[in-house]
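Raw contents of target-v3.tsv, TSV, C-alpha atoms:
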```tsv
chain	number	residue	atom	x	y	z
L	1	MET	CA	17.40	-10.52	-28.99
L	2	ARG	CA	16.92	-7.75	-26.44
L	3	LYS	CA	16.87	-8.12	-22.68
L	4	SER	CA	14.27	-10.58	-21.42
L	5	PRO	CA	11.47	-9.28	-19.17
L	6	PHE	CA	11.69	-12.46	-17.11
L	7	THR	CA	13.76	-13.02	-13.99
L	8	THR	CA	13.92	-16.80	-14.38
L	9	ASP	CA	14.84	-18.86	-17.44
L	10	ILE	CA	12.80	-21.95	-18.25
L	11	THR	CA	13.09	-24.51	-21.03
L	12	PRO	CA	10.07	-25.99	-22.83
L	13	ASP	CA	9.23	-29.47	-21.58
L	14	TRP	CA	6.31	-31.08	-23.35
L	15	GLU	CA	6.72	-34.32	-21.40
L	16	GLY	CA	6.35	-32.47	-18.10
L	17	PHE	CA	3.38	-30.63	-19.60
L	18	ILE	CA	1.61	-33.90	-20.41
L	19	LYS	CA	2.40	-35.42	-17.00
L	20	CYS	CA	0.89	-32.37	-15.35
L	21	LEU	CA	-2.19	-32.62	-17.56
L	22	ARG	CA	-2.58	-36.27	-16.61
L	23	ARG	CA	-2.21	-35.34	-12.91
L	24	GLU	CA	0.79	-37.63	-12.47
L	25	GLY	CA	2.22	-35.81	-9.48
L	26	THR	CA	3.24	-32.26	-8.63
L	27	PRO	CA	5.25	-30.78	-11.52
L	28	GLN	CA	8.74	-29.41	-11.02
L	29	ARG	CA	7.57	-26.00	-12.17
L	30	ALA	CA	4.41	-24.23	-13.26
L	31	HIS	CA	3.40	-24.91	-16.84
L	32	PHE	CA	1.55	-22.28	-18.87
L	33	ILE	CA	-1.39	-22.48	-21.27
L	34	GLU	CA	-3.44	-20.07	-23.40
L	35	LEU	CA	-6.22	-20.67	-25.88
L	36	ILE	CA	-5.29	-17.55	-27.90
L	37	ILE	CA	-2.77	-14.75	-27.70
L	38	ASP	CA	-4.20	-11.91	-29.77
L	39	GLY	CA	-2.20	-10.95	-32.83
L	40	GLU	CA	-1.50	-7.43	-31.61
L	41	VAL	CA	0.00	-8.83	-28.41
L	42	LYS	CA	2.21	-11.23	-30.35
L	43	GLU	CA	3.42	-8.47	-32.64
L	44	GLU	CA	4.29	-6.16	-29.76
L	45	ILE	CA	6.24	-8.87	-27.93
L	46	ILE	CA	8.09	-9.89	-31.07
L	47	ALA	CA	9.04	-6.29	-31.86
L	48	ARG	CA	9.93	-5.28	-28.30
L	49	PHE	CA	12.21	-8.24	-27.65
L	50	GLY	CA	13.65	-8.70	-31.12
L	51	LEU	CA	12.36	-12.21	-31.68
L	52	GLU	CA	12.73	-11.91	-35.46
L	53	GLU	CA	16.32	-10.72	-35.45
L	54	ASP	CA	17.84	-14.13	-36.13
L	55	LEU	CA	15.14	-15.24	-38.58
L	56	ASP	CA	15.13	-14.98	-42.36
L	57	ARG	CA	11.96	-13.34	-43.67
L	58	ALA	CA	12.59	-14.92	-47.06
L	59	ASP	CA	12.33	-18.38	-45.51
L	60	PRO	CA	9.04	-19.92	-46.72
L	61	TYR	CA	8.54	-21.21	-43.19
L	62	PHE	CA	9.36	-17.89	-41.55
L	63	ARG	CA	6.03	-17.56	-39.72
L	64	TYR	CA	6.32	-21.07	-38.36
L	65	ARG	CA	9.78	-20.36	-37.00
L	66	ARG	CA	8.56	-17.06	-35.58
L	67	LEU	CA	5.69	-18.72	-33.73
L	68	ILE	CA	8.06	-21.30	-32.24
L	69	ALA	CA	10.45	-18.52	-31.18
L	70	LEU	CA	7.60	-16.59	-29.55
L	71	GLN	CA	6.13	-19.55	-27.68
L	72	SER	CA	9.53	-20.69	-26.46
L	73	PHE	CA	10.47	-17.16	-25.36
L	74	LEU	CA	7.27	-16.84	-23.33
L	75	GLY	CA	7.77	-20.23	-21.70
L	76	TYR	CA	5.13	-22.37	-23.38
L	77	ASP	CA	5.79	-26.05	-24.02
L	78	TYR	CA	3.78	-26.19	-27.25
L	79	ILE	CA	2.47	-24.44	-30.30
L	80	THR	CA	-1.15	-24.63	-31.43
L	81	CYS	CA	-2.12	-25.95	-34.83
L	82	PRO	CA	-3.78	-25.15	-37.14
L	83	ASP	CA	-4.91	-21.85	-35.59
L	84	GLY	CA	-1.57	-20.65	-34.34
L	85	LEU	CA	-0.22	-20.99	-37.88
L	86	GLY	CA	-3.33	-19.73	-39.64
L	87	GLU	CA	-3.83	-22.79	-41.82
L	88	ALA	CA	-6.58	-25.33	-42.02
L	89	PHE	CA	-8.93	-26.27	-44.85
L	90	ASP	CA	-8.27	-24.59	-48.18
L	91	THR	CA	-11.94	-23.60	-48.16
L	92	GLY	CA	-11.41	-21.44	-45.08
L	93	PHE	CA	-12.41	-23.87	-42.35
L	94	ALA	CA	-10.67	-23.09	-39.10
L	95	HIS	CA	-11.14	-24.25	-35.55
L	96	HIS	CA	-13.73	-21.58	-34.78
L	97	ASN	CA	-15.46	-20.88	-38.09
L	98	LEU	CA	-17.42	-22.85	-40.64
L	99	VAL	CA	-18.84	-19.47	-41.67
L	100	THR	CA	-17.23	-16.44	-43.25
L	101	SER	CA	-17.78	-12.71	-42.95
L	102	ASP	CA	-19.47	-12.47	-46.34
L	103	THR	CA	-21.96	-15.25	-45.67
L	104	ALA	CA	-23.01	-14.98	-42.05
L	105	GLY	CA	-22.94	-11.36	-41.03
L	106	LEU	CA	-19.61	-11.68	-39.24
L	107	LYS	CA	-18.13	-8.26	-38.59
L	108	ARG	CA	-14.61	-7.37	-37.51
L	109	GLU	CA	-13.70	-4.43	-35.34
L	110	ARG	CA	-10.36	-3.82	-33.63
L	111	GLY	CA	-9.22	-7.34	-34.42
L	112	ARG	CA	-12.36	-9.06	-33.11
L	113	SER	CA	-15.30	-10.76	-34.82
L	114	PHE	CA	-18.93	-10.10	-33.98
L	115	VAL	CA	-21.82	-12.29	-35.06
L	116	ASP	CA	-25.30	-11.17	-36.03
L	117	GLU	CA	-27.46	-13.08	-33.54
L	118	HIS	CA	-30.67	-12.31	-35.44
L	119	ARG	CA	-29.90	-14.17	-38.66
L	120	GLY	CA	-27.75	-16.90	-40.12
L	121	VAL	CA	-27.05	-18.48	-43.47
L	122	ILE	CA	-29.09	-21.64	-42.97
L	123	SER	CA	-32.76	-21.27	-42.13
L	124	ASN	CA	-34.32	-24.11	-44.16
L	125	TRP	CA	-33.48	-27.31	-45.99
L	126	GLN	CA	-32.73	-25.52	-49.25
L	127	ASP	CA	-30.11	-23.41	-47.47
L	128	PHE	CA	-28.67	-26.57	-45.95
L	129	ASP	CA	-28.40	-28.29	-49.32
L	130	THR	CA	-26.85	-25.31	-51.13
L	131	TYR	CA	-24.44	-24.21	-48.40
L	132	THR	CA	-20.76	-24.62	-49.32
L	133	TRP	CA	-19.61	-26.98	-46.62
L	134	PRO	CA	-15.86	-27.38	-46.10
L	135	ASP	CA	-14.59	-30.62	-47.60
L	136	PRO	CA	-12.34	-32.58	-45.21
L	137	LYS	CA	-10.49	-33.87	-48.28
L	138	ASN	CA	-9.14	-30.33	-48.69
L	139	LEU	CA	-7.53	-30.21	-45.26
L	140	ASN	CA	-4.25	-28.34	-45.55
L	141	THR	CA	-1.57	-30.19	-43.60
L	142	ARG	CA	1.47	-28.15	-44.63
L	143	ALA	CA	1.95	-26.66	-41.17
L	144	LEU	CA	1.52	-30.03	-39.48
L	145	GLU	CA	3.99	-31.69	-41.82
L	146	TRP	CA	6.63	-29.01	-41.34
L	147	CYS	CA	6.25	-28.97	-37.55
L	148	GLN	CA	6.31	-32.74	-37.39
L	149	LYS	CA	9.86	-32.57	-38.78
L	150	ASN	CA	11.15	-29.25	-37.47
L	151	LEU	CA	9.54	-28.50	-34.11
L	152	PRO	CA	12.16	-28.52	-31.32
L	153	GLU	CA	12.27	-31.85	-29.53
L	154	ASN	CA	11.25	-30.26	-26.23
L	155	MET	CA	8.03	-28.81	-27.68
L	156	CYS	CA	4.81	-30.40	-28.95
L	157	MET	CA	1.72	-29.39	-30.90
L	158	ILE	CA	-1.81	-29.00	-29.57
L	159	GLY	CA	-4.50	-29.59	-32.19
L	160	PHE	CA	-7.50	-27.25	-32.06
L	161	THR	CA	-10.95	-28.45	-33.09
L	162	GLY	CA	-14.53	-28.99	-32.02
L	163	SER	CA	-16.57	-25.75	-32.07
L	164	ILE	CA	-19.77	-27.74	-32.52
L	165	TYR	CA	-22.40	-25.61	-30.80
L	166	GLU	CA	-20.71	-22.36	-31.82
L	167	ASN	CA	-20.89	-23.20	-35.51
L	168	LEU	CA	-24.47	-24.41	-35.18
L	169	SER	CA	-25.37	-21.08	-33.59
L	170	TRP	CA	-23.43	-19.03	-36.15
L	171	LEU	CA	-24.80	-20.94	-39.13
L	172	MET	CA	-28.41	-20.48	-38.02
L	173	GLY	CA	-28.15	-17.32	-35.93
L	174	TYR	CA	-28.75	-17.59	-32.19
L	175	GLU	CA	-32.35	-16.37	-32.18
L	176	PRO	CA	-33.41	-18.51	-35.18
L	177	LEU	CA	-31.70	-21.49	-33.55
L	178	CYS	CA	-33.79	-21.06	-30.41
L	179	TYR	CA	-36.97	-21.15	-32.48
L	180	ALA	CA	-35.72	-23.99	-34.68
L	181	LEU	CA	-35.08	-26.21	-31.65
L	182	PHE	CA	-38.89	-26.39	-31.38
L	183	GLU	CA	-40.05	-25.81	-34.95
L	184	GLN	CA	-37.32	-27.40	-37.12
L	185	ARG	CA	-35.52	-29.80	-34.85
L	186	ASP	CA	-34.71	-32.16	-37.70
L	187	LEU	CA	-32.85	-29.34	-39.46
L	188	VAL	CA	-30.95	-28.45	-36.29
L	189	THR	CA	-29.97	-32.10	-35.88
L	190	ALA	CA	-28.78	-32.33	-39.49
L	191	ILE	CA	-26.64	-29.18	-39.23
L	192	THR	CA	-25.12	-30.36	-35.96
L	193	GLN	CA	-24.27	-33.77	-37.39
L	194	ARG	CA	-22.66	-32.21	-40.48
L	195	VAL	CA	-20.48	-30.03	-38.24
L	196	ILE	CA	-19.55	-33.04	-36.09
L	197	ASP	CA	-18.62	-35.08	-39.16
L	198	ILE	CA	-16.27	-32.33	-40.35
L	199	TYR	CA	-14.57	-32.13	-36.97
L	200	ARG	CA	-14.25	-35.89	-36.81
L	201	ALA	CA	-12.38	-35.84	-40.11
L	202	GLU	CA	-10.12	-33.05	-38.85
L	203	VAL	CA	-9.25	-34.87	-35.62
L	204	GLU	CA	-8.53	-38.07	-37.50
L	205	VAL	CA	-5.96	-36.13	-39.54
L	206	LEU	CA	-4.48	-34.37	-36.52
L	207	LEU	CA	-3.98	-37.70	-34.78
L	208	GLN	CA	-1.86	-38.99	-37.66
L	209	PHE	CA	0.92	-36.66	-36.47
L	210	ASP	CA	2.63	-37.94	-33.34
L	211	ARG	CA	3.94	-34.48	-32.44
L	212	VAL	CA	0.30	-33.54	-31.76
L	213	LYS	CA	0.13	-34.57	-28.12
L	214	VAL	CA	-3.20	-32.99	-27.08
L	215	ILE	CA	-6.54	-32.38	-28.79
L	216	TRP	CA	-8.23	-29.16	-27.65
L	217	GLY	CA	-11.95	-28.81	-28.27
L	218	SER	CA	-13.31	-25.27	-28.08
L	219	ASP	CA	-17.02	-24.63	-27.75
L	220	ASP	CA	-18.61	-21.79	-25.79
L	221	LEU	CA	-21.80	-23.28	-24.37
L	222	GLY	CA	-22.84	-20.75	-21.75
L	223	PHE	CA	-23.06	-17.25	-20.34
L	224	LYS	CA	-22.79	-15.87	-16.82
L	225	THR	CA	-25.72	-17.71	-15.25
L	226	GLY	CA	-26.39	-20.72	-17.43
L	227	THR	CA	-26.09	-22.48	-20.76
L	228	LEU	CA	-27.04	-20.84	-24.07
L	229	ILE	CA	-29.48	-23.61	-24.90
L	230	SER	CA	-30.96	-26.07	-22.44
L	231	PRO	CA	-28.76	-28.74	-20.85
L	232	LYS	CA	-31.19	-31.30	-22.32
L	233	ASP	CA	-30.59	-30.01	-25.84
L	234	LEU	CA	-26.84	-29.90	-25.30
L	235	ARG	CA	-26.88	-33.49	-24.07
L	236	GLU	CA	-28.85	-34.62	-27.09
L	237	LEU	CA	-27.18	-32.58	-29.84
L	238	VAL	CA	-23.73	-31.30	-28.88
L	239	LEU	CA	-22.11	-33.30	-26.11
L	240	PRO	CA	-22.21	-36.59	-28.06
L	241	GLY	CA	-19.99	-34.92	-30.66
L	242	HIS	CA	-17.43	-33.94	-28.04
L	243	LYS	CA	-17.64	-37.41	-26.55
L	244	MET	CA	-16.81	-38.90	-29.94
L	245	LEU	CA	-13.84	-36.50	-30.39
L	246	ALA	CA	-12.62	-37.32	-26.89
L	247	GLU	CA	-12.84	-41.05	-27.66
L	248	LEU	CA	-10.82	-40.56	-30.84
L	249	ALA	CA	-8.16	-38.71	-28.86
L	250	HIS	CA	-8.12	-41.21	-25.99
L	251	ASN	CA	-7.94	-44.19	-28.32
L	252	ALA	CA	-4.82	-42.59	-29.81
L	253	GLY	CA	-3.34	-42.01	-26.35
L	254	ARG	CA	-3.91	-38.25	-26.31
L	255	PRO	CA	-5.78	-36.15	-23.73
L	256	TYR	CA	-8.87	-34.19	-24.78
L	257	ILE	CA	-9.21	-30.80	-23.14
L	258	MET	CA	-12.00	-28.30	-23.65
L	259	HIS	CA	-12.36	-24.55	-23.72
L	260	CYS	CA	-15.88	-23.52	-22.81
L	261	CYS	CA	-17.03	-20.12	-21.61
L	262	GLY	CA	-20.02	-19.64	-19.36
L	263	ASN	CA	-21.66	-21.19	-16.35
L	264	LEU	CA	-21.44	-24.96	-16.86
L	265	SER	CA	-22.68	-26.04	-13.44
L	266	ARG	CA	-25.60	-27.99	-14.92
L	267	ILE	CA	-23.50	-29.94	-17.42
L	268	LEU	CA	-20.05	-30.13	-15.82
L	269	GLU	CA	-20.66	-33.64	-14.52
L	270	ASP	CA	-21.65	-34.65	-18.06
L	271	LEU	CA	-18.38	-33.24	-19.38
L	272	ILE	CA	-16.35	-35.06	-16.73
L	273	GLU	CA	-18.13	-38.39	-16.51
L	274	ASP	CA	-19.69	-38.87	-19.96
L	275	VAL	CA	-17.68	-36.81	-22.44
L	276	LYS	CA	-14.60	-37.56	-20.28
L	277	ILE	CA	-12.70	-34.35	-20.88
L	278	ASP	CA	-9.25	-34.31	-19.30
L	279	GLY	CA	-9.07	-30.59	-18.66
L	280	LYS	CA	-11.34	-27.54	-18.55
L	281	HIS	CA	-10.39	-24.08	-19.78
L	282	SER	CA	-12.09	-20.72	-19.27
L	283	PHE	CA	-12.76	-19.24	-15.87
L	284	GLU	CA	-14.39	-15.96	-14.93
L	285	ASP	CA	-14.44	-14.69	-11.36
L	286	VAL	CA	-18.13	-13.74	-11.52
L	287	ILE	CA	-18.95	-17.37	-12.35
L	288	GLU	CA	-16.43	-19.57	-10.53
L	289	ASP	CA	-13.05	-19.51	-8.85
L	290	VAL	CA	-10.39	-21.84	-10.19
L	291	CYS	CA	-9.08	-22.55	-6.69
L	292	GLU	CA	-12.51	-23.67	-5.54
L	293	ASP	CA	-12.82	-25.91	-8.60
L	294	LYS	CA	-9.42	-27.42	-7.77
L	295	ARG	CA	-10.80	-28.44	-4.37
L	296	ARG	CA	-14.03	-29.79	-5.87
L	297	TYR	CA	-12.87	-31.43	-9.10
L	298	GLY	CA	-9.08	-31.58	-8.97
L	299	ASP	CA	-8.99	-35.34	-8.52
L	300	ARG	CA	-10.97	-35.86	-11.74
L	301	LEU	CA	-10.18	-32.87	-13.92
L	302	SER	CA	-7.23	-30.67	-14.83
L	303	LEU	CA	-7.86	-26.93	-14.65
L	304	LEU	CA	-6.41	-24.58	-17.23
L	305	GLY	CA	-5.87	-20.86	-16.68
L	306	GLY	CA	-8.06	-19.04	-14.20
L	307	ILE	CA	-6.36	-15.65	-13.75
L	308	ASP	CA	-9.40	-13.53	-14.53
L	309	VAL	CA	-9.13	-11.28	-17.60
L	310	ASP	CA	-10.89	-8.34	-15.95
L	311	PHE	CA	-8.55	-8.68	-12.97
L	312	LEU	CA	-5.52	-8.65	-15.28
L	313	CYS	CA	-6.81	-5.50	-16.94
L	314	ARG	CA	-7.25	-3.59	-13.67
L	315	ALA	CA	-4.75	-5.00	-11.15
L	316	ASN	CA	-1.33	-3.61	-10.31
L	317	GLU	CA	1.90	-5.60	-10.32
L	318	SER	CA	1.86	-6.61	-6.66
L	319	GLN	CA	-1.77	-7.75	-6.87
L	320	ILE	CA	-1.02	-9.88	-9.93
L	321	ARG	CA	2.01	-11.50	-8.31
L	322	GLN	CA	0.07	-12.24	-5.14
L	323	ARG	CA	-2.82	-13.80	-7.03
L	324	VAL	CA	-0.50	-15.96	-9.12
L	325	ASP	CA	1.27	-17.17	-5.97
L	326	ASP	CA	-2.00	-17.89	-4.16
L	327	THR	CA	-3.42	-19.75	-7.17
L	328	LEU	CA	-0.34	-21.88	-7.70
L	329	GLU	CA	-0.05	-22.65	-3.98
L	330	THR	CA	-3.59	-24.05	-4.06
L	331	CYS	CA	-3.76	-25.60	-7.52
L	332	LEU	CA	-0.29	-26.92	-8.35
L	333	PRO	CA	0.00	-29.77	-5.78
L	334	GLY	CA	-0.67	-33.12	-7.43
L	335	GLY	CA	-0.52	-31.64	-10.91
L	336	GLY	CA	-3.51	-30.83	-13.08
L	337	TYR	CA	-3.15	-27.05	-13.11
L	338	PHE	CA	-1.76	-24.71	-15.77
L	339	LEU	CA	-1.18	-21.00	-15.28
L	340	GLY	CA	-2.87	-18.66	-17.72
L	341	THR	CA	-5.57	-16.10	-18.22
L	342	GLY	CA	-9.17	-16.95	-17.53
L	343	ASN	CA	-9.91	-16.77	-21.24
L	344	THR	CA	-7.40	-15.36	-23.72
L	345	VAL	CA	-4.56	-12.86	-23.83
L	346	ALA	CA	-6.83	-10.19	-25.27
L	347	ASN	CA	-5.41	-7.09	-26.95
L	348	TYR	CA	-6.87	-4.88	-24.21
L	349	ILE	CA	-4.93	-6.55	-21.37
L	350	PRO	CA	-1.92	-4.33	-20.54
L	351	LEU	CA	1.10	-6.17	-21.88
L	352	GLU	CA	3.10	-5.57	-18.71
L	353	ASN	CA	0.38	-7.27	-16.67
L	354	TYR	CA	0.47	-10.36	-18.88
L	355	LEU	CA	4.26	-10.54	-18.69
L	356	THR	CA	4.10	-10.08	-14.91
L	357	MET	CA	1.78	-13.09	-14.64
L	358	LEU	CA	4.24	-15.21	-16.60
L	359	ASP	CA	7.25	-13.92	-14.68
L	360	GLU	CA	5.69	-14.76	-11.31
L	361	GLY	CA	4.76	-18.20	-12.59
L	362	ARG	CA	8.32	-18.80	-13.75
L	363	LYS	CA	9.89	-18.12	-10.38
L	364	PHE	CA	7.18	-19.70	-8.19
L	365	ILE	CA	8.43	-22.39	-5.82
L	366	LEU	CA	5.87	-24.52	-4.03
L	367	LYS	CA	6.22	-24.18	-0.26
```

Let me see the structure of the file written as structure tokens.
Amino acid sequence: MRKSPFTTDITPDWEGFIKCLRREGTPQRAHFIELIIDGEVKEEIIARFGLEEDLDRADPYFRYRRLIALQSFLGYDYITCPDGLGEAFDTGFAHHNLVTSDTAGLKRERGRSFVDEHRGVISNWQDFDTYTWPDPKNLNTRALEWCQKNLPENMCMIGFTGSIYENLSWLMGYEPLCYALFEQRDLVTAITQRVIDIYRAEVEVLLQFDRVKVIWGSDDLGFKTGTLISPKDLRELVLPGHKMLAELAHNAGRPYIMHCCGNLSRILEDLIEDVKIDGKHSFEDVIEDVCEDKRRYGDRLSLLGGIDVDFLCRANESQIRQRVDDTLETCLPGGGYFLGTGNTVANYIPLENYLTMLDEGRKFILK
């Protein structure tokens, strides 16, 4: 392994991570979190710092060991599953997609997927009946089983799930969905319920593994100034599904956190008081400031990330270090804050800027 880019060593500590998430006092150090680290970023870090040098590529569990080595090296207390290991249902079901590129107009460019908003694969009841829905009985648990036995004791797994609205929108197409909410509401309801049922089955499996300490729902419900469909429709169709997933997690003693892009001001109270999410992820400076949300909601909600992606793309080293310090000074007291990007470690964020954010978080000491 080559020289570390970090000035301070830290050891994974999943128990401290969970205490911070539950807001059980100010943590001894900053804990980190990310929804996704793009593949290109992972590959560059692994190559630059020699994270594969002590691993055997012939090992059938090589990629699992590599992910653990990467997450530990960067200072994370967990790995994500199934997404971080690329396994889920044998039929292709993953935490974000019930649709595939050949059936729903999904296009890939520079490592990113783009959805055709003008059409989907389900527009009527015949489409609904003939669509090849993932079968929860085919859930692939190989990664979970291996990590259950082999994950380092100081790390845990976070189980990804719950893209309810996103899959509804992708299956129908955003524009057709907007019309169908008025013209074919029974079909919209049926699709949504089928998606929810699949996620329920997934979460029930995830919760069978005690190394899965957190369930992370991910569902982008909004854009810069509002929600993608009306708050009323979200309350009727989508939020009950997340409430059910949160109840499953809570009944098993696990927190339920949620990634959700967009302006959620009209439904945030629903998410906190009705769905009962334990933490919110995704912050964008043009919508909201994580420090302000700490002051407003920090006694009821943990806040995850918040270092704006656009800022990380444009800022210099001193600006990044100052923002990390300011954010931690405001948000860390009492627990309930995790350092990370406002969204994901996208492949267009300069790698040095991402590493600078982590380095400053590692050496931060609360005044």

Quiz item: atom CA of L:Pro231 to atom CA of L:Ile267: how many Å, to one decimal?
Solution: 6.4 Å

Quiz item: Excluding same-chain residues fewer than 2 positions from L:Ser265, what lies within 9 Å of it counting all atoms listed in the file, as number ranges by chain?
Solution: L: 226-227, 263, 267-269

Would you write out those residues with C-alpha atoms, as a PDB file, in the frame of the given file?
```
ATOM      1  CA  GLY L 226     -26.390 -20.720 -17.430  1.00  0.00           C
ATOM      2  CA  THR L 227     -26.090 -22.480 -20.760  1.00  0.00           C
ATOM      3  CA  ASN L 263     -21.660 -21.190 -16.350  1.00  0.00           C
ATOM      4  CA  ILE L 267     -23.500 -29.940 -17.420  1.00  0.00           C
ATOM      5  CA  LEU L 268     -20.050 -30.130 -15.820  1.00  0.00           C
ATOM      6  CA  GLU L 269     -20.660 -33.640 -14.520  1.00  0.00           C
TER       7      GLU L 269
END
```

Practice problem: Quick one: pull the distance between atom CA of L:Ile10 and atom CA of L:Gly361, Å, one decimal. | Solution: 10.5 Å

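Using only C-alpha atoms, the nearest neighbour of L:Phe114 within the list L:Val41, L:Trp170, L:Asn251, L:Asp56 is L:Trp170.
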
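Closest approach to L:Leu171 from the set L:Phe338, L:Tyr76, L:Trp14, L:Trp133 is made by L:Trp133, with distances taken over all atoms listed in the file.
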
Quiz item: Just how far from atom CA of L:Lys280 is atom CA of L:Cys313, in Å to one decimal?
Solution: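 Separation of atom CA of L:Cys313 and atom CA of L:Lys280: 22.6 Å.
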
Self-check item: Residues within 12 Å of (-8.7, -29.9, -5.4), counting all atoms listed in the file, listed as a list of chain:residue names
Solution: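 Nearby residues: L:Arg23, L:Asp289, L:Val290, L:Cys291, L:Glu292, L:Asp293, L:Lys294, L:Arg295, L:Arg296, L:Tyr297, L:Gly298, L:Asp299, L:Arg300, L:Leu301, L:Ser302, L:Leu303, L:Thr327, L:Leu328, L:Glu329, L:Thr330, L:Cys331, L:Leu332, L:Pro333, L:Gly334, L:Gly335, L:Gly336, L:Tyr337.
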
Quiz item: Got a sec: who's within 9 Å of stretch 203-211 of chain L, counting all atoms listed in the file, leaving out chain neighbours fewer than 3 positions off, as number ranges by chain?
Solution: L: 81, 139, 141, 144-145, 147-149, 151, 155-162, 198-200, 215, 245, 248-249, 252, 254

Quiz item: So, counting only C-alpha atoms, which residue among L:Glu166, L:Asp54, L:Asp127, L:Asp197 is closest to L:Gly241?
Solution: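 When distances to L:Gly241 are compared using only C-alpha atoms, the smallest one comes from L:Asp197.
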
Quiz prompt | Residues within 9 Å of (-1.4, -33.6, -20.6), file coords, all atoms listed in the file, listed as a PyMOL selection string | solution = chain L and resi 14-23+213-214+254-257+278-279+302+336

Quiz item: Which one of L:Ser123, L:Asn343, L:Thr11, L:Thr80 sits closest to L:Ser169 if you count all atoms listed in the file?
Solution: L:Ser123

Provide stretch 253-307 of chain L of the preceding structure as a file containing C-alpha atoms, as a PDB file, in the first residue's frame.
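What follows is the written file part-v6.pdb:
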```pdb
ATOM      1  CA  GLY L 253     -34.160  -2.464  15.988  1.00  0.00           C
ATOM      2  CA  ARG L 254     -32.585  -0.781  12.956  1.00  0.00           C
ATOM      3  CA  PRO L 255     -32.739   2.884  11.915  1.00  0.00           C
ATOM      4  CA  TYR L 256     -34.348   3.824   8.599  1.00  0.00           C
ATOM      5  CA  ILE L 257     -32.613   6.650   6.761  1.00  0.00           C
ATOM      6  CA  MET L 258     -33.625   8.157   3.450  1.00  0.00           C
ATOM      7  CA  HIS L 259     -31.880   9.664   0.462  1.00  0.00           C
ATOM      8  CA  CYS L 260     -34.162  12.077  -1.338  1.00  0.00           C
ATOM      9  CA  CYS L 261     -33.145  14.811  -3.753  1.00  0.00           C
ATOM     10  CA  GLY L 262     -35.145  17.972  -4.230  1.00  0.00           C
ATOM     11  CA  ASN L 263     -37.058  20.530  -2.236  1.00  0.00           C
ATOM     12  CA  LEU L 264     -38.983  18.572   0.406  1.00  0.00           C
ATOM     13  CA  SER L 265     -40.255  21.512   2.431  1.00  0.00           C
ATOM     14  CA  ARG L 266     -43.896  20.540   1.879  1.00  0.00           C
ATOM     15  CA  ILE L 267     -43.462  16.913   2.947  1.00  0.00           C
ATOM     16  CA  LEU L 268     -40.537  16.981   5.385  1.00  0.00           C
ATOM     17  CA  GLU L 269     -42.825  16.972   8.404  1.00  0.00           C
ATOM     18  CA  ASP L 270     -44.552  13.909   6.930  1.00  0.00           C
ATOM     19  CA  LEU L 271     -41.197  12.172   6.593  1.00  0.00           C
ATOM     20  CA  ILE L 272     -40.233  13.006  10.173  1.00  0.00           C
ATOM     21  CA  GLU L 273     -43.512  12.557  12.015  1.00  0.00           C
ATOM     22  CA  ASP L 274     -45.417   9.984   9.936  1.00  0.00           C
ATOM     23  CA  VAL L 275     -42.869   7.944   7.989  1.00  0.00           C
ATOM     24  CA  LYS L 276     -40.496   8.411  10.966  1.00  0.00           C
ATOM     25  CA  ILE L 277     -37.224   8.452   9.078  1.00  0.00           C
ATOM     26  CA  ASP L 278     -34.175   8.593  11.334  1.00  0.00           C
ATOM     27  CA  GLY L 279     -31.934  10.500   8.954  1.00  0.00           C
ATOM     28  CA  LYS L 280     -32.147  12.559   5.775  1.00  0.00           C
ATOM     29  CA  HIS L 281     -29.595  12.507   2.973  1.00  0.00           C
ATOM     30  CA  SER L 282     -29.121  14.825  -0.006  1.00  0.00           C
ATOM     31  CA  PHE L 283     -28.536  18.540   0.347  1.00  0.00           C
ATOM     32  CA  GLU L 284     -28.006  21.170  -2.313  1.00  0.00           C
ATOM     33  CA  ASP L 285     -27.000  24.719  -1.457  1.00  0.00           C
ATOM     34  CA  VAL L 286     -29.568  26.253  -3.821  1.00  0.00           C
ATOM     35  CA  ILE L 287     -32.314  24.439  -1.885  1.00  0.00           C
ATOM     36  CA  GLU L 288     -31.234  24.267   1.760  1.00  0.00           C
ATOM     37  CA  ASP L 289     -28.219  24.530   4.017  1.00  0.00           C
ATOM     38  CA  VAL L 290     -27.413  21.544   6.206  1.00  0.00           C
ATOM     39  CA  CYS L 291     -26.349  23.799   9.089  1.00  0.00           C
ATOM     40  CA  GLU L 292     -29.705  25.560   9.048  1.00  0.00           C
ATOM     41  CA  ASP L 293     -31.488  22.204   9.015  1.00  0.00           C
ATOM     42  CA  LYS L 294     -29.403  21.133  12.019  1.00  0.00           C
ATOM     43  CA  ARG L 295     -30.762  24.124  13.930  1.00  0.00           C
ATOM     44  CA  ARG L 296     -34.334  23.474  12.791  1.00  0.00           C
ATOM     45  CA  TYR L 297     -34.592  19.685  12.853  1.00  0.00           C
ATOM     46  CA  GLY L 298     -31.503  18.392  14.650  1.00  0.00           C
ATOM     47  CA  ASP L 299     -33.438  17.305  17.725  1.00  0.00           C
ATOM     48  CA  ARG L 300     -35.687  15.063  15.620  1.00  0.00           C
ATOM     49  CA  LEU L 301     -33.624  14.063  12.614  1.00  0.00           C
ATOM     50  CA  SER L 302     -30.064  13.084  11.765  1.00  0.00           C
ATOM     51  CA  LEU L 303     -28.529  14.895   8.796  1.00  0.00           C
ATOM     52  CA  LEU L 304     -26.302  13.079   6.344  1.00  0.00           C
ATOM     53  CA  GLY L 305     -23.761  14.780   4.081  1.00  0.00           C
ATOM     54  CA  GLY L 306     -24.344  18.371   3.066  1.00  0.00           C
ATOM     55  CA  ILE L 307     -21.038  19.451   1.484  1.00  0.00           C
TER      56      ILE L 307
END
```
